[in-house]
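Next comes my_file36.pdb, a file with PDB, C-alpha atoms, pLDDT in the B column.
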ATOM      1  CA  MET J 390     -21.233  40.724 -10.078  1.00 49.00           C
ATOM      2  CA  LYS J 391     -21.883  39.823  -6.434  1.00 57.00           C
ATOM      3  CA  LEU J 392     -23.343  36.465  -7.456  1.00 50.00           C
ATOM      4  CA  PHE J 393     -20.083  35.185  -8.959  1.00 45.00           C
ATOM      5  CA  PRO J 394     -18.117  35.018  -5.661  1.00 50.00           C
ATOM      6  CA  MET J 395     -21.061  33.289  -3.952  1.00 46.00           C
ATOM      7  CA  PHE J 396     -21.374  30.838  -6.855  1.00 45.00           C
ATOM      8  CA  ALA J 397     -17.635  30.123  -6.736  1.00 42.00           C
ATOM      9  CA  LEU J 398     -17.835  29.510  -2.990  1.00 43.00           C
ATOM     10  CA  LEU J 399     -20.781  27.154  -3.497  1.00 42.00           C
ATOM     11  CA  VAL J 400     -18.859  25.174  -6.140  1.00 41.00           C
ATOM     12  CA  VAL J 401     -15.810  24.858  -3.861  1.00 40.00           C
ATOM     13  CA  MET J 402     -17.977  23.673  -0.967  1.00 45.00           C
ATOM     14  CA  LEU J 403     -19.764  21.147  -3.176  1.00 41.00           C
ATOM     15  CA  LEU J 404     -16.479  19.745  -4.510  1.00 41.00           C
ATOM     16  CA  THR J 405     -15.141  19.439  -0.974  1.00 42.00           C
ATOM     17  CA  PHE J 406     -17.983  17.082  -0.063  1.00 43.00           C
ATOM     18  CA  VAL J 407     -18.223  15.228  -3.369  1.00 41.00           C
ATOM     19  CA  SER J 408     -14.499  14.612  -3.984  1.00 40.00           C
ATOM     20  CA  PRO J 409     -14.121  11.806  -1.418  1.00 44.00           C
ATOM     21  CA  VAL J 410     -17.090  10.008  -2.944  1.00 45.00           C
ATOM     22  CA  LEU J 411     -15.671  10.385  -6.429  1.00 42.00           C
ATOM     23  CA  ALA J 412     -12.272   9.155  -5.242  1.00 50.00           C
ATOM     24  CA  GLY J 413     -13.733   5.692  -4.726  1.00 77.00           C
ATOM     25  CA  SER J 414     -13.491   3.063  -2.074  1.00 91.00           C
ATOM     26  CA  PHE J 415     -10.218   1.621  -3.296  1.00 93.00           C
ATOM     27  CA  GLY J 416      -6.719   2.972  -3.773  1.00 98.00           C
ATOM     28  CA  THR J 417      -5.223   3.536  -7.209  1.00 98.00           C
ATOM     29  CA  ALA J 418      -1.901   2.539  -8.741  1.00 98.00           C
ATOM     30  CA  ASP J 419      -0.555   6.082  -8.409  1.00 98.00           C
ATOM     31  CA  GLU J 420      -1.604   6.257  -4.753  1.00 98.00           C
ATOM     32  CA  ALA J 421      -0.035   2.872  -3.989  1.00 98.00           C
ATOM     33  CA  LYS J 422       3.255   3.829  -5.612  1.00 98.00           C
ATOM     34  CA  ALA J 423       3.305   7.190  -3.813  1.00 98.00           C
ATOM     35  CA  MET J 424       2.690   5.452  -0.477  1.00 98.00           C
ATOM     36  CA  LEU J 425       5.589   3.080  -1.128  1.00 98.00           C
ATOM     37  CA  GLU J 426       7.834   6.046  -1.944  1.00 98.00           C
ATOM     38  CA  ARG J 427       6.822   7.683   1.374  1.00 98.00           C
ATOM     39  CA  ALA J 428       7.464   4.376   3.154  1.00 98.00           C
ATOM     40  CA  VAL J 429      11.004   4.266   1.750  1.00 98.00           C
ATOM     41  CA  VAL J 430      11.717   7.742   3.135  1.00 98.00           C
ATOM     42  CA  ALA J 431      10.254   6.791   6.534  1.00 98.00           C
ATOM     43  CA  LEU J 432      12.304   3.568   6.710  1.00 98.00           C
ATOM     44  CA  LYS J 433      15.518   5.367   5.868  1.00 98.00           C
ATOM     45  CA  ALA J 434      14.820   7.965   8.571  1.00 98.00           C
ATOM     46  CA  ASN J 435      13.919   5.527  11.389  1.00 98.00           C
ATOM     47  CA  LYS J 436      13.323   1.849  10.595  1.00 98.00           C
ATOM     48  CA  THR J 437      11.822   0.834  13.942  1.00 98.00           C
ATOM     49  CA  ASN J 438       9.424   3.767  14.025  1.00 98.00           C
ATOM     50  CA  ALA J 439       8.430   3.309  10.381  1.00 98.00           C
ATOM     51  CA  LEU J 440       7.666  -0.420  10.733  1.00 98.00           C
ATOM     52  CA  ALA J 441       5.485   0.319  13.779  1.00 98.00           C
ATOM     53  CA  LYS J 442       3.585   3.038  11.869  1.00 98.00           C
ATOM     54  CA  PHE J 443       3.047   0.738   8.884  1.00 98.00           C
ATOM     55  CA  THR J 444       1.640  -2.008  11.114  1.00 98.00           C
ATOM     56  CA  LYS J 445      -0.650   0.368  13.026  1.00 98.00           C
ATOM     57  CA  GLY J 446      -1.678   2.288   9.896  1.00 97.00           C
ATOM     58  CA  GLU J 447      -0.510   5.570  11.408  1.00 98.00           C
ATOM     59  CA  GLY J 448       1.131   8.615   9.885  1.00 97.00           C
ATOM     60  CA  GLY J 449      -0.699   8.343   6.565  1.00 97.00           C
ATOM     61  CA  PHE J 450       0.253   4.700   6.044  1.00 98.00           C
ATOM     62  CA  LYS J 451      -3.326   3.415   5.794  1.00 97.00           C
ATOM     63  CA  ASP J 452      -5.648   4.725   3.105  1.00 97.00           C
ATOM     64  CA  ARG J 453      -8.744   2.660   2.312  1.00 97.00           C
ATOM     65  CA  ASP J 454      -7.242  -0.658   1.094  1.00 96.00           C
ATOM     66  CA  LEU J 455      -3.676   0.669   0.748  1.00 98.00           C
ATOM     67  CA  TYR J 456      -0.973   0.017   3.328  1.00 98.00           C
ATOM     68  CA  PRO J 457       2.739  -0.829   3.244  1.00 98.00           C
ATOM     69  CA  PHE J 458       3.889  -4.284   4.251  1.00 98.00           C
ATOM     70  CA  CYS J 459       7.468  -5.404   4.790  1.00 98.00           C
ATOM     71  CA  GLY J 460       9.493  -8.532   5.355  1.00 98.00           C
ATOM     72  CA  GLY J 461      12.862  -8.898   6.991  1.00 98.00           C
ATOM     73  CA  PRO J 462      15.928 -10.923   6.014  1.00 98.00           C
ATOM     74  CA  ASP J 463      14.420 -14.058   7.617  1.00 98.00           C
ATOM     75  CA  GLY J 464      11.418 -13.865   5.256  1.00 98.00           C
ATOM     76  CA  ASN J 465       8.903 -12.975   7.981  1.00 98.00           C
ATOM     77  CA  PHE J 466       6.597  -9.968   8.001  1.00 98.00           C
ATOM     78  CA  THR J 467       8.064  -7.060   9.960  1.00 98.00           C
ATOM     79  CA  ALA J 468       5.123  -4.780   9.119  1.00 98.00           C
ATOM     80  CA  HIS J 469       1.551  -5.754   8.249  1.00 97.00           C
ATOM     81  CA  PRO J 470      -1.845  -5.015   9.815  1.00 95.00           C
ATOM     82  CA  LYS J 471      -2.365  -8.691  10.785  1.00 94.00           C
ATOM     83  CA  LEU J 472       0.597 -10.873   9.790  1.00 96.00           C
ATOM     84  CA  VAL J 473       3.681  -9.595  11.671  1.00 98.00           C
ATOM     85  CA  GLY J 474       5.928 -12.541  12.512  1.00 98.00           C
ATOM     86  CA  LYS J 475       4.369 -14.849   9.927  1.00 98.00           C
ATOM     87  CA  SER J 476       6.198 -15.841   6.746  1.00 98.00           C
ATOM     88  CA  LEU J 477       5.960 -13.440   3.826  1.00 98.00           C
ATOM     89  CA  LYS J 478       8.465 -15.428   1.793  1.00 97.00           C
ATOM     90  CA  ASP J 479       6.332 -18.607   1.902  1.00 97.00           C
ATOM     91  CA  LEU J 480       3.058 -16.789   1.157  1.00 96.00           C
ATOM     92  CA  LYS J 481       1.093 -18.049  -1.861  1.00 97.00           C
ATOM     93  CA  ASP J 482      -1.815 -16.333  -3.548  1.00 95.00           C
ATOM     94  CA  LYS J 483      -5.257 -17.880  -3.845  1.00 88.00           C
ATOM     95  CA  ALA J 484      -4.249 -19.538  -7.143  1.00 91.00           C
ATOM     96  CA  GLY J 485      -1.128 -21.116  -5.583  1.00 96.00           C
ATOM     97  CA  LYS J 486       1.376 -18.630  -7.025  1.00 96.00           C
ATOM     98  CA  PRO J 487       4.376 -18.167  -4.675  1.00 97.00           C
ATOM     99  CA  LEU J 488       3.905 -14.399  -4.357  1.00 96.00           C
ATOM    100  CA  GLY J 489       6.225 -14.077  -1.357  1.00 97.00           C
ATOM    101  CA  GLN J 490       9.087 -15.660  -3.279  1.00 98.00           C
ATOM    102  CA  ASP J 491       8.290 -13.418  -6.269  1.00 97.00           C
ATOM    103  CA  ILE J 492       8.334 -10.322  -4.040  1.00 98.00           C
ATOM    104  CA  TYR J 493      11.704 -11.235  -2.508  1.00 98.00           C
ATOM    105  CA  ALA J 494      13.181 -12.184  -5.897  1.00 98.00           C
ATOM    106  CA  ILE J 495      12.247  -8.916  -7.598  1.00 98.00           C
ATOM    107  CA  ALA J 496      12.939  -6.487  -4.726  1.00 98.00           C
ATOM    108  CA  THR J 497      15.924  -4.283  -5.591  1.00 98.00           C
ATOM    109  CA  GLU J 498      17.354  -1.354  -3.647  1.00 97.00           C
ATOM    110  CA  GLY J 499      16.631   1.957  -5.383  1.00 97.00           C
ATOM    111  CA  LYS J 500      14.164   0.438  -7.864  1.00 98.00           C
ATOM    112  CA  ILE J 501      10.387  -0.076  -7.702  1.00 98.00           C
ATOM    113  CA  SER J 502       9.167  -3.240  -9.407  1.00 98.00           C
ATOM    114  CA  VAL J 503       5.736  -4.848  -9.810  1.00 98.00           C
ATOM    115  CA  VAL J 504       4.328  -8.215  -8.732  1.00 98.00           C
ATOM    116  CA  SER J 505       0.831  -9.323  -9.779  1.00 97.00           C
ATOM    117  CA  TYR J 506      -1.215 -11.964  -7.961  1.00 97.00           C
ATOM    118  CA  MET J 507      -4.740 -12.992  -6.980  1.00 96.00           C
ATOM    119  CA  TRP J 508      -5.963 -11.850  -3.562  1.00 94.00           C
ATOM    120  CA  PRO J 509      -9.370 -11.039  -2.052  1.00 93.00           C
ATOM    121  CA  ARG J 510     -10.262  -7.441  -1.310  1.00 91.00           C
ATOM    122  CA  PRO J 511     -10.695  -6.610   2.376  1.00 84.00           C
ATOM    123  CA  ASP J 512     -13.890  -8.151   3.777  1.00 86.00           C
ATOM    124  CA  SER J 513     -14.220 -10.481   0.785  1.00 91.00           C
ATOM    125  CA  THR J 514     -13.247 -14.054  -0.052  1.00 93.00           C
ATOM    126  CA  GLU J 515     -13.349 -13.744  -3.850  1.00 95.00           C
ATOM    127  CA  PRO J 516      -9.798 -13.360  -5.249  1.00 95.00           C
ATOM    128  CA  VAL J 517      -9.201 -10.527  -7.716  1.00 95.00           C
ATOM    129  CA  GLN J 518      -6.037  -9.262  -9.352  1.00 97.00           C
ATOM    130  CA  LYS J 519      -3.822  -7.317  -6.975  1.00 97.00           C
ATOM    131  CA  ILE J 520      -0.667  -5.562  -8.055  1.00 98.00           C
ATOM    132  CA  SER J 521       2.024  -4.609  -5.570  1.00 98.00           C
ATOM    133  CA  PHE J 522       4.825  -2.134  -6.044  1.00 98.00           C
ATOM    134  CA  VAL J 523       7.922  -3.674  -4.444  1.00 98.00           C
ATOM    135  CA  THR J 524      11.350  -2.424  -3.392  1.00 98.00           C
ATOM    136  CA  ARG J 525      14.193  -3.198  -1.001  1.00 98.00           C
ATOM    137  CA  ILE J 526      15.358  -0.760   1.668  1.00 98.00           C
ATOM    138  CA  GLY J 527      18.424  -2.127   3.447  1.00 97.00           C
ATOM    139  CA  ASP J 528      17.398  -5.459   4.964  1.00 98.00           C
ATOM    140  CA  GLN J 529      13.683  -4.824   4.414  1.00 98.00           C
ATOM    141  CA  VAL J 530      11.595  -5.872   1.414  1.00 98.00           C
ATOM    142  CA  CYS J 531       8.532  -3.629   1.282  1.00 98.00           C
ATOM    143  CA  ALA J 532       5.471  -3.277  -0.910  1.00 98.00           C
ATOM    144  CA  VAL J 533       2.162  -1.507  -1.301  1.00 98.00           C
ATOM    145  CA  GLY J 534      -0.538  -3.201  -3.370  1.00 98.00           C
ATOM    146  CA  TYR J 535      -3.712  -2.063  -5.070  1.00 98.00           C
ATOM    147  CA  TYR J 536      -6.597  -4.014  -6.573  1.00 97.00           C
ATOM    148  CA  LYS J 537      -7.397  -3.943 -10.290  1.00 92.00           C
TER     149      LYS J 537
END
I need this file expressed as structure tokens, please.
Amino acid sequence: MKLFPMFALLVVMLLTFVSPVLAGSFGTADEAKAMLERAVVALKANKTNALAKFTKGEGGFKDRDLYPFCGGPDGNFTAHPKLVGKSLKDLKDKAGKPLGQDIYAIATEGKISVVSYMWPRPDSTEPVQKISFVTRIGDQVCAVGYYK
């Protein structure tokens, strides 16, 4: 009988160390969508603070290859790890698809939509399919993408 609690403790400890490895190196669709939903709440609470956190990857807004990015009414990035101030609206994917225009066209307040495009994973040059969940929050168009 005394072995069962020790065995249970050993299993819990093992799962604690193995779970991050099993989770993988890349974010999932569910994780990307959940991050976008958290981003919406943060933007509604304090836009300036939220955009700064998104750009810096703070407050849980950077997880492996997942991060929110946003564009303002002028079409320029207002939040992104590397592209703030550059044009989101004019951005094309590696196959020439106007993904920025697609993102702005589909973004609707109170609704999460999907845009698919070809983009390299971080630290790679080979484009793969990336899918971004997209929404509009006031004057901001925001998204979080994951790789297929």
Run the PyMOL selection byres ((chain J and resi 428) around 10) mentally over the shown coordinates, then write out the matched residues as an mmCIF file with C-alpha atoms, in the coordinates of the input, using the chain letters and numbers from the document.
data_model
loop_
_atom_site.group_PDB
_atom_site.id
_atom_site.type_symbol
_atom_site.label_atom_id
_atom_site.label_comp_id
_atom_site.auth_asym_id
_atom_site.auth_seq_id
_atom_site.Cartn_x
_atom_site.Cartn_y
_atom_site.Cartn_z
ATOM 1 C CA LYS J 422 3.255 3.829 -5.612
ATOM 2 C CA ALA J 423 3.305 7.190 -3.813
ATOM 3 C CA MET J 424 2.690 5.452 -0.477
ATOM 4 C CA LEU J 425 5.589 3.080 -1.128
ATOM 5 C CA GLU J 426 7.834 6.046 -1.944
ATOM 6 C CA ARG J 427 6.822 7.683 1.374
ATOM 7 C CA VAL J 429 11.004 4.266 1.750
ATOM 8 C CA VAL J 430 11.717 7.742 3.135
ATOM 9 C CA ALA J 431 10.254 6.791 6.534
ATOM 10 C CA LEU J 432 12.304 3.568 6.710
ATOM 11 C CA LYS J 433 15.518 5.367 5.868
ATOM 12 C CA ALA J 434 14.820 7.965 8.571
ATOM 13 C CA LYS J 436 13.323 1.849 10.595
ATOM 14 C CA ALA J 439 8.430 3.309 10.381
ATOM 15 C CA LEU J 440 7.666 -0.420 10.733
ATOM 16 C CA LYS J 442 3.585 3.038 11.869
ATOM 17 C CA PHE J 443 3.047 0.738 8.884
ATOM 18 C CA GLY J 449 -0.699 8.343 6.565
ATOM 19 C CA PHE J 450 0.253 4.700 6.044
ATOM 20 C CA TYR J 456 -0.973 0.017 3.328
ATOM 21 C CA PRO J 457 2.739 -0.829 3.244
ATOM 22 C CA PHE J 458 3.889 -4.284 4.251
ATOM 23 C CA CYS J 459 7.468 -5.404 4.790
ATOM 24 C CA ILE J 526 15.358 -0.760 1.668
ATOM 25 C CA CYS J 531 8.532 -3.629 1.282
ATOM 26 C CA ALA J 532 5.471 -3.277 -0.910
ATOM 27 C CA VAL J 533 2.162 -1.507 -1.301
#
What's the separation between CA of Asp454 (chain J) and CA of Val530 (chain J), in Å to one decimal place?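 Between CA of Asp454 (chain J) and CA of Val530 (chain J) the gap works out to 19.5 Å.
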Residue nearest Tyr493 (chain J) among J:Lys519, J:Lys445, J:Lys537, J:Arg525 (counting all atoms listed in the file):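 Distance minimum relative to Tyr493 (chain J) lands on J:Arg525.
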Hits of the PyMOL selection byres ((chain J and resi 496) around 10) in this structure, as an mmCIF file with C-alpha atoms, in the frame of the given file:
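Final file, part.cif:
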data_model
loop_
_atom_site.group_PDB
_atom_site.id
_atom_site.type_symbol
_atom_site.label_atom_id
_atom_site.label_comp_id
_atom_site.auth_asym_id
_atom_site.auth_seq_id
_atom_site.Cartn_x
_atom_site.Cartn_y
_atom_site.Cartn_z
ATOM 1 C CA ASP J 491 8.290 -13.418 -6.269
ATOM 2 C CA ILE J 492 8.334 -10.322 -4.040
ATOM 3 C CA TYR J 493 11.704 -11.235 -2.508
ATOM 4 C CA ALA J 494 13.181 -12.184 -5.897
ATOM 5 C CA ILE J 495 12.247 -8.916 -7.598
ATOM 6 C CA THR J 497 15.924 -4.283 -5.591
ATOM 7 C CA GLU J 498 17.354 -1.354 -3.647
ATOM 8 C CA GLY J 499 16.631 1.957 -5.383
ATOM 9 C CA LYS J 500 14.164 0.438 -7.864
ATOM 10 C CA ILE J 501 10.387 -0.076 -7.702
ATOM 11 C CA SER J 502 9.167 -3.240 -9.407
ATOM 12 C CA VAL J 503 5.736 -4.848 -9.810
ATOM 13 C CA VAL J 504 4.328 -8.215 -8.732
ATOM 14 C CA PHE J 522 4.825 -2.134 -6.044
ATOM 15 C CA VAL J 523 7.922 -3.674 -4.444
ATOM 16 C CA THR J 524 11.350 -2.424 -3.392
ATOM 17 C CA ARG J 525 14.193 -3.198 -1.001
ATOM 18 C CA ILE J 526 15.358 -0.760 1.668
ATOM 19 C CA GLN J 529 13.683 -4.824 4.414
ATOM 20 C CA VAL J 530 11.595 -5.872 1.414
ATOM 21 C CA CYS J 531 8.532 -3.629 1.282
ATOM 22 C CA ALA J 532 5.471 -3.277 -0.910
#
Pick out the residues sitting within 9 Å of Lys478 (chain J), and hand them over as a PyMOL selection string; count all atoms listed in the file, and ignore anything fewer than 4 positions along from it in its own chain. chain J and resi 460+463-466+487-493
What does the structure give for the distance between CA of Asp452 (chain J) and CA of Asp482 (chain J), in Å to one decimal?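 Separation of CA of Asp452 (chain J) and CA of Asp482 (chain J): 22.4 Å.
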Can you measure CA of His469 (chain J) to CA of Glu515 (chain J) for me? One decimal in Å is fine. 20.8 Å
Might you spell out which residues the PyMOL selection byres ((chain J and resi 483) around 12) would select in the displayed file, as a PyMOL selection string? chain J and resi 480-482+484-488+506-510+514-519
Could the centre and edge lengths of an axis-aligned box, enclosing all atoms of region 449-463 of chain J in the file with 3 Å extra on each side, be given in Å to one decimal as lines of an AutoDock Vina configuration file?
center_x = 3.6
center_y = -2.9
center_z = 4.2
size_x = 30.7
size_y = 28.4
size_z = 12.9
Which residue out of J:Gly461, J:Leu455, J:Ala418, J:Tyr536 has the minimum interatomic distance to Leu477 (chain J) when all atoms listed in the file are used?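 Distance minimum relative to Leu477 (chain J) lands on J:Gly461.
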